[in-house]
Amino acid sequence: MRFLKKGDDKKPKSEPEQETKGHPDLKVISGSQISGQRPQQPTQPQQQPQQQNITLPNIKYKIAVASGKGGVGKSTVATNLAISLANAGGAVGLMDADAYGPSIPTMMGVQEQPKVSPARKLIPLVRHNIKLMSIGFMVAEEQAMIWRGPMLHSSIRQLLSDVEWGELEYLIIDLPPGTGDVALSLTQAIPLTGALIVTTPQDVALADVRRGVAMFERLGVPILGIIENMSYFLCPHCNEKTEIFRKDGGKNTSERFGVAFLGQIPLDAEVCTAGDIGVPIVAGHPESPQSEAFGAVAQELESVLEESGDDDELTIL
Ligand SMILES: Nc1ncnc2c1ncn2[C@@H]1O[C@H](COP(=O)(O)OP(=O)(O)O)[C@@H](O)[C@H]1O
Ligand SMILES: [Mg+2]
């Protein structure tokens, strides 16, 4: 699949390098520099994709956060979950693989350019005790993200292999919405421990969950669980819960697929504001009921991983 501007139906003479903010050492290499590596279409069910030659042995759990559609709060969940896991004592990295709309820099409140180590690797930025790397650090914020398939593929690989992640217990990877090339590139690059699927409780969102689950099934990636976001409104005055959307949609969907349900996150203005100002709620208000909800999801995730003991024992649907 190729991502070209509208009307740009001719193959460019040479692949342009993605424009950077001017850092001499930072550039997203063009696809032509990768020798014959192209994303493969997942045609065979249960097939482990090829080219998993980035092993990252110092990272215990590599977990993708996915959603069937955009705007369900995937990046919000990824950031707050990462901080909750770090609060519980683990060393955590957060990789923003949303090449089309990287939001981790804004949500974590960091816009600097990463430095380069003597070994010519990018040094992750650290905020709220999390090691961060994002395509957003390398590409100007206002720049339209138009990626050719191979370029996208190579930049995902760079975020994994050309970054000094060091020893981590968790690497949380925030994917773009939907079932696309980035998920494919990621599963081709590293053996993922598994995927988390974020949804809202409405039927329309849940239909997309099924597509997300089906994609990971085809790629042979275990589903670690479903997280339902914007589940209910918690009145800040009387603490009464109001179910705005259909009740327990995510929970019922998890049961139908036989995967773990990791918990519900309330719809809350502070969760949204916290993301906008770059201090996720779990970092800014760790004692709040909203942060407790994220903490409970983190704990459930830890139990799923502990119970599985070995990656191979996780449910491959
Ligand atoms: N639980 C929540 N309560 C209130 N607002 C939320 C919640 N989760 C996400 N949002 C807001 O919804 C918008 C979309 O969330 P985002 O995490 O960017 O979604 P996605 O990554 O799935 O596209 C953001 O403005 C975010 O702050
Ligand atoms: Mg997002």
# chains A, B, ... in the order shown; residues from 1 in each chain; ligands from 1
$ residues_around --residues "Ile277 (chain A)" --least-positions-apart "6" --cutoff "10 Å" --atoms "only C-alpha atoms" --output "list in words"
Thr106, Met107, Met108 and Gly109 of chain A
$ closest_atom_pairs --of "chain A" --to "ligand 1" --cutoff "7 Å" --atoms "only C-alpha atoms and all ligand atoms" --output "JSON lines"
{"residue": "A:Ser67", "atom": "CA", "partner": "ligand 1", "partner_atom_place_in_ligand_line": "22 (O)", "distance": 6.6}
{"residue": "A:Lys69", "atom": "CA", "partner": "ligand 1", "partner_atom_place_in_ligand_line": "22 (O)", "distance": 6.8}
{"residue": "A:Gly70", "atom": "CA", "partner": "ligand 1", "partner_atom_place_in_ligand_line": "23 (O)", "distance": 4.0}
{"residue": "A:Gly71", "atom": "CA", "partner": "ligand 1", "partner_atom_place_in_ligand_line": "23 (O)", "distance": 3.5}
{"residue": "A:Val72", "atom": "CA", "partner": "ligand 1", "partner_atom_place_in_ligand_line": "22 (O)", "distance": 4.1}
{"residue": "A:Gly73", "atom": "CA", "partner": "ligand 1", "partner_atom_place_in_ligand_line": "17 (O)", "distance": 3.2}
{"residue": "A:Lys74", "atom": "CA", "partner": "ligand 1", "partner_atom_place_in_ligand_line": "22 (O)", "distance": 3.6}
{"residue": "A:Ser75", "atom": "CA", "partner": "ligand 1", "partner_atom_place_in_ligand_line": "17 (O)", "distance": 3.8}
{"residue": "A:Thr76", "atom": "CA", "partner": "ligand 1", "partner_atom_place_in_ligand_line": "17 (O)", "distance": 3.7}
{"residue": "A:Val77", "atom": "CA", "partner": "ligand 1", "partner_atom_place_in_ligand_line": "17 (O)", "distance": 6.4}
{"residue": "A:Ser103", "atom": "CA", "partner": "ligand 1", "partner_atom_place_in_ligand_line": "18 (O)", "distance": 6.6}
{"residue": "A:Pro177", "atom": "CA", "partner": "ligand 1", "partner_atom_place_in_ligand_line": "22 (O)", "distance": 6.4}
{"residue": "A:Asn229", "atom": "CA", "partner": "ligand 1", "partner_atom_place_in_ligand_line": "1 (N)", "distance": 5.4}
{"residue": "A:Met230", "atom": "CA", "partner": "ligand 1", "partner_atom_place_in_ligand_line": "1 (N)", "distance": 4.5}
{"residue": "A:Ile265", "atom": "CA", "partner": "ligand 1", "partner_atom_place_in_ligand_line": "1 (N)", "distance": 5.6}
{"residue": "A:Pro266", "atom": "CA", "partner": "ligand 1", "partner_atom_place_in_ligand_line": "1 (N)", "distance": 5.0}
{"residue": "A:Leu267", "atom": "CA", "partner": "ligand 1", "partner_atom_place_in_ligand_line": "3 (N)", "distance": 3.6}
{"residue": "A:Asp268", "atom": "CA", "partner": "ligand 1", "partner_atom_place_in_ligand_line": "3 (N)", "distance": 3.9}
{"residue": "A:Ala269", "atom": "CA", "partner": "ligand 1", "partner_atom_place_in_ligand_line": "4 (C)", "distance": 5.1}
{"residue": "A:Glu270", "atom": "CA", "partner": "ligand 1", "partner_atom_place_in_ligand_line": "4 (C)", "distance": 6.8}
{"residue": "A:Val271", "atom": "CA", "partner": "ligand 1", "partner_atom_place_in_ligand_line": "3 (N)", "distance": 5.0}
{"residue": "A:Cys272", "atom": "CA", "partner": "ligand 1", "partner_atom_place_in_ligand_line": "27 (O)", "distance": 3.4}
{"residue": "A:Thr273", "atom": "CA", "partner": "ligand 1", "partner_atom_place_in_ligand_line": "27 (O)", "distance": 6.4}
{"residue": "A:Gly275", "atom": "CA", "partner": "ligand 1", "partner_atom_place_in_ligand_line": "27 (O)", "distance": 5.2}
{"residue": "A:Asp276", "atom": "CA", "partner": "ligand 1", "partner_atom_place_in_ligand_line": "27 (O)", "distance": 6.4}
$ residues_around --residues "region 283-285 of chain A" --least-positions-apart "6" --cutoff "10 Å" --atoms "only C-alpha atoms" --output "MDAnalysis selection string"
chainID A and resid 79:80 83:84 87 108 127:129 270:271 274 291:292
$ residues_around --residues "region 302-311 of chain A" --least-positions-apart "3" --cutoff "8 Å" --atoms "only C-alpha atoms" --output "list of chain:residue names"
A:Thr193, A:Leu224, A:Ala260, A:Ala298, A:Gln299, A:Leu314
$ write_last_selection --atoms "C-alpha atoms" --output "PDB file, in the first residue's frame"
ATOM      1  CA  THR A 193       4.314  -9.934  23.502  1.00  0.00           C
ATOM      2  CA  LEU A 224      -3.697  -9.357  26.000  1.00  0.00           C
ATOM      3  CA  ALA A 260      -9.381 -10.632  29.128  1.00  0.00           C
ATOM      4  CA  ALA A 298      -2.280  -1.721  34.740  1.00  0.00           C
ATOM      5  CA  GLN A 299      -2.707  -4.273  37.522  1.00  0.00           C
ATOM      6  CA  LEU A 314      -0.843 -16.317  25.707  1.00  0.00           C
TER       7      LEU A 314
END
$ residues_around --residues "region 152-168 of chain A" --least-positions-apart "5" --cutoff "6 Å" --atoms "only C-alpha atoms" --output "VMD selection string"
chain A and resid 28 58 to 59 91 to 92 121 to 123 147 185
$ write_last_selection --atoms "C-alpha atoms" --output "PDB file, in the first residue's frame"
ATOM      1  CA  VAL A  28      13.541   9.339   8.492  1.00  0.00           C
ATOM      2  CA  ASN A  58      16.572  -6.109  27.075  1.00  0.00           C
ATOM      3  CA  ILE A  59      12.877  -5.345  26.841  1.00  0.00           C
ATOM      4  CA  ALA A  91      11.074   0.675  33.829  1.00  0.00           C
ATOM      5  CA  VAL A  92       8.813   1.752  30.965  1.00  0.00           C
ATOM      6  CA  LYS A 121      21.601   5.919  18.305  1.00  0.00           C
ATOM      7  CA  LEU A 122      18.776   8.192  19.370  1.00  0.00           C
ATOM      8  CA  ILE A 123      18.552   8.734  23.106  1.00  0.00           C
ATOM      9  CA  TRP A 147       4.031   8.203   3.775  1.00  0.00           C
ATOM     10  CA  SER A 185       5.443  -3.252   9.902  1.00  0.00           C
TER      11      SER A 185
END
$ closest_residue --among "A:Phe216, A:Ala78, A:Ala296, A:Met151" --to "ligand 2" --atoms "only C-alpha atoms and all ligand atoms"
A:Ala78
$ select_by_dssp --residues "region 13-249 of chain A" --states "strand (DSSP E or B)" --output "ChimeraX atom specification"
/A:59-66,92-96,116,122,125-127,130-134,163,168-174,194-199,223-234,241-242
$ residues_around --residues "Gly90 (chain A)" --least-positions-apart "5" --cutoff "8 Å" --atoms "only C-alpha atoms" --output "VMD selection string"
chain A and resid 85 168 to 170
$ write_last_selection --atoms "C-alpha atoms" --output "PDB file, in the first residue's frame"
ATOM      1  CA  LEU A  85       3.123   0.696  35.141  1.00  0.00           C
ATOM      2  CA  LEU A 168      12.915  -1.992  30.107  1.00  0.00           C
ATOM      3  CA  GLU A 169      10.217  -4.075  31.643  1.00  0.00           C
ATOM      4  CA  TYR A 170       7.607  -2.647  29.271  1.00  0.00           C
TER       5      TYR A 170
END
$ atom_distance --atom1 "CA of Val209 (chain A)" --atom2 "CA of Ile197 (chain A)"
7.1 Å
$ closest_residue --among "A:Leu219, A:Ala97, A:Val110, A:Ala119" --to "Ile135 (chain A)" --atoms "only C-alpha atoms"
A:Ala97
$ select_by_dssp --residues "region 95-196 of chain A" --states "helix (DSSP H, G or I)" --output "ChimeraX atom specification"
/A:104-108,135-137,149-161,181-189
$ write_last_selection --atoms "C-alpha atoms" --output "CSV table (one decimal), in the first residue's frame"
chain,number,residue,atom,x,y,z
A,104,ILE,CA,2.6,11.5,22.5
A,105,PRO,CA,4.8,14.6,22.4
A,106,THR,CA,1.8,16.8,23.2
A,107,MET,CA,0.3,14.4,25.7
A,108,MET,CA,3.6,13.9,27.6
A,135,ILE,CA,8.1,10.3,14.9
A,136,GLY,CA,6.7,13.6,16.1
A,137,PHE,CA,10.1,14.5,17.5
A,149,GLY,CA,4.6,2.2,2.4
A,150,PRO,CA,8.3,1.4,2.5
A,151,MET,CA,9.2,4.7,4.2
A,152,LEU,CA,6.7,4.0,6.9
A,153,HIS,CA,8.1,0.6,7.3
A,154,SER,CA,11.7,1.8,7.7
A,155,SER,CA,10.7,4.6,10.2
A,156,ILE,CA,9.0,2.1,12.4
A,157,ARG,CA,12.1,-0.1,12.3
A,158,GLN,CA,14.2,2.9,13.2
A,159,LEU,CA,12.1,3.7,16.2
A,160,LEU,CA,12.8,0.2,17.5
A,161,SER,CA,16.4,-0.5,16.5
A,181,ASP,CA,0.6,-0.8,7.5
A,182,VAL,CA,2.1,0.3,10.8
A,183,ALA,CA,0.7,-2.7,12.7
A,184,LEU,CA,2.0,-4.9,9.9
A,185,SER,CA,5.4,-3.3,9.9
A,186,LEU,CA,5.6,-3.6,13.7
A,187,THR,CA,4.7,-7.2,13.7
A,188,GLN,CA,7.2,-7.8,11.0
A,189,ALA,CA,10.0,-6.1,12.9
$ atom_distance --atom1 "CA of Asp248 (chain A)" --atom2 "CA of Glu287 (chain A)"
25.0 Å
$ atom_distance --atom1 "CA of Ile244 (chain A)" --atom2 "CA of Tyr232 (chain A)"
5.8 Å
$ closest_residue --among "A:Val279, A:Ser288, A:Pro201, A:Leu234" --to "Ser254 (chain A)" --atoms "only C-alpha atoms"
A:Pro201
$ closest_residue --among "A:Glu112, A:Asp208, A:Asp96, A:Glu228" --to "ligand 2" --atoms "only C-alpha atoms and all ligand atoms"
A:Asp96
$ residues_around --residues "Val126 (chain A)" --least-positions-apart "4" --cutoff "10 Å" --atoms "only C-alpha atoms" --output "list in words"
Gly93, Leu94, Met108, Val110, Pro114, Ile130, Lys131, Leu132 and Met133 of chain A
$ write_last_selection --atoms "N, CA and C atoms" --output "compact mmCIF listing (two decimals), in the first residue's frame"
# COMPACT_ATOMS: atom_id res chain seq x y z
N GLY A 93 9.10 2.22 28.61
CA GLY A 93 9.30 3.06 27.43
C GLY A 93 7.97 3.20 26.71
N LEU A 94 7.81 4.33 26.02
CA LEU A 94 6.58 4.56 25.25
C LEU A 94 7.00 4.99 23.86
N MET A 108 2.57 14.05 26.53
CA MET A 108 3.58 13.89 27.58
C MET A 108 4.31 15.21 27.84
N VAL A 110 6.36 17.15 25.82
CA VAL A 110 7.76 17.25 25.41
C VAL A 110 7.85 17.41 23.89
N PRO A 114 15.51 14.57 20.17
CA PRO A 114 16.36 13.63 20.91
C PRO A 114 17.82 13.81 20.53
N ILE A 130 9.13 8.17 32.07
CA ILE A 130 8.94 7.26 30.93
C ILE A 130 9.93 7.63 29.83
N LYS A 131 10.57 6.64 29.24
CA LYS A 131 11.43 6.90 28.08
C LYS A 131 10.55 7.01 26.83
N LEU A 132 10.73 8.09 26.08
CA LEU A 132 9.82 8.37 24.98
C LEU A 132 10.53 8.47 23.65
N MET A 133 9.88 7.96 22.62
CA MET A 133 10.36 8.22 21.27
C MET A 133 9.14 8.31 20.35
$ closest_residue --among "A:Phe245, A:Phe294, A:Phe257, A:Tyr100" --to "ligand 2" --atoms "only C-alpha atoms and all ligand atoms"
A:Tyr100
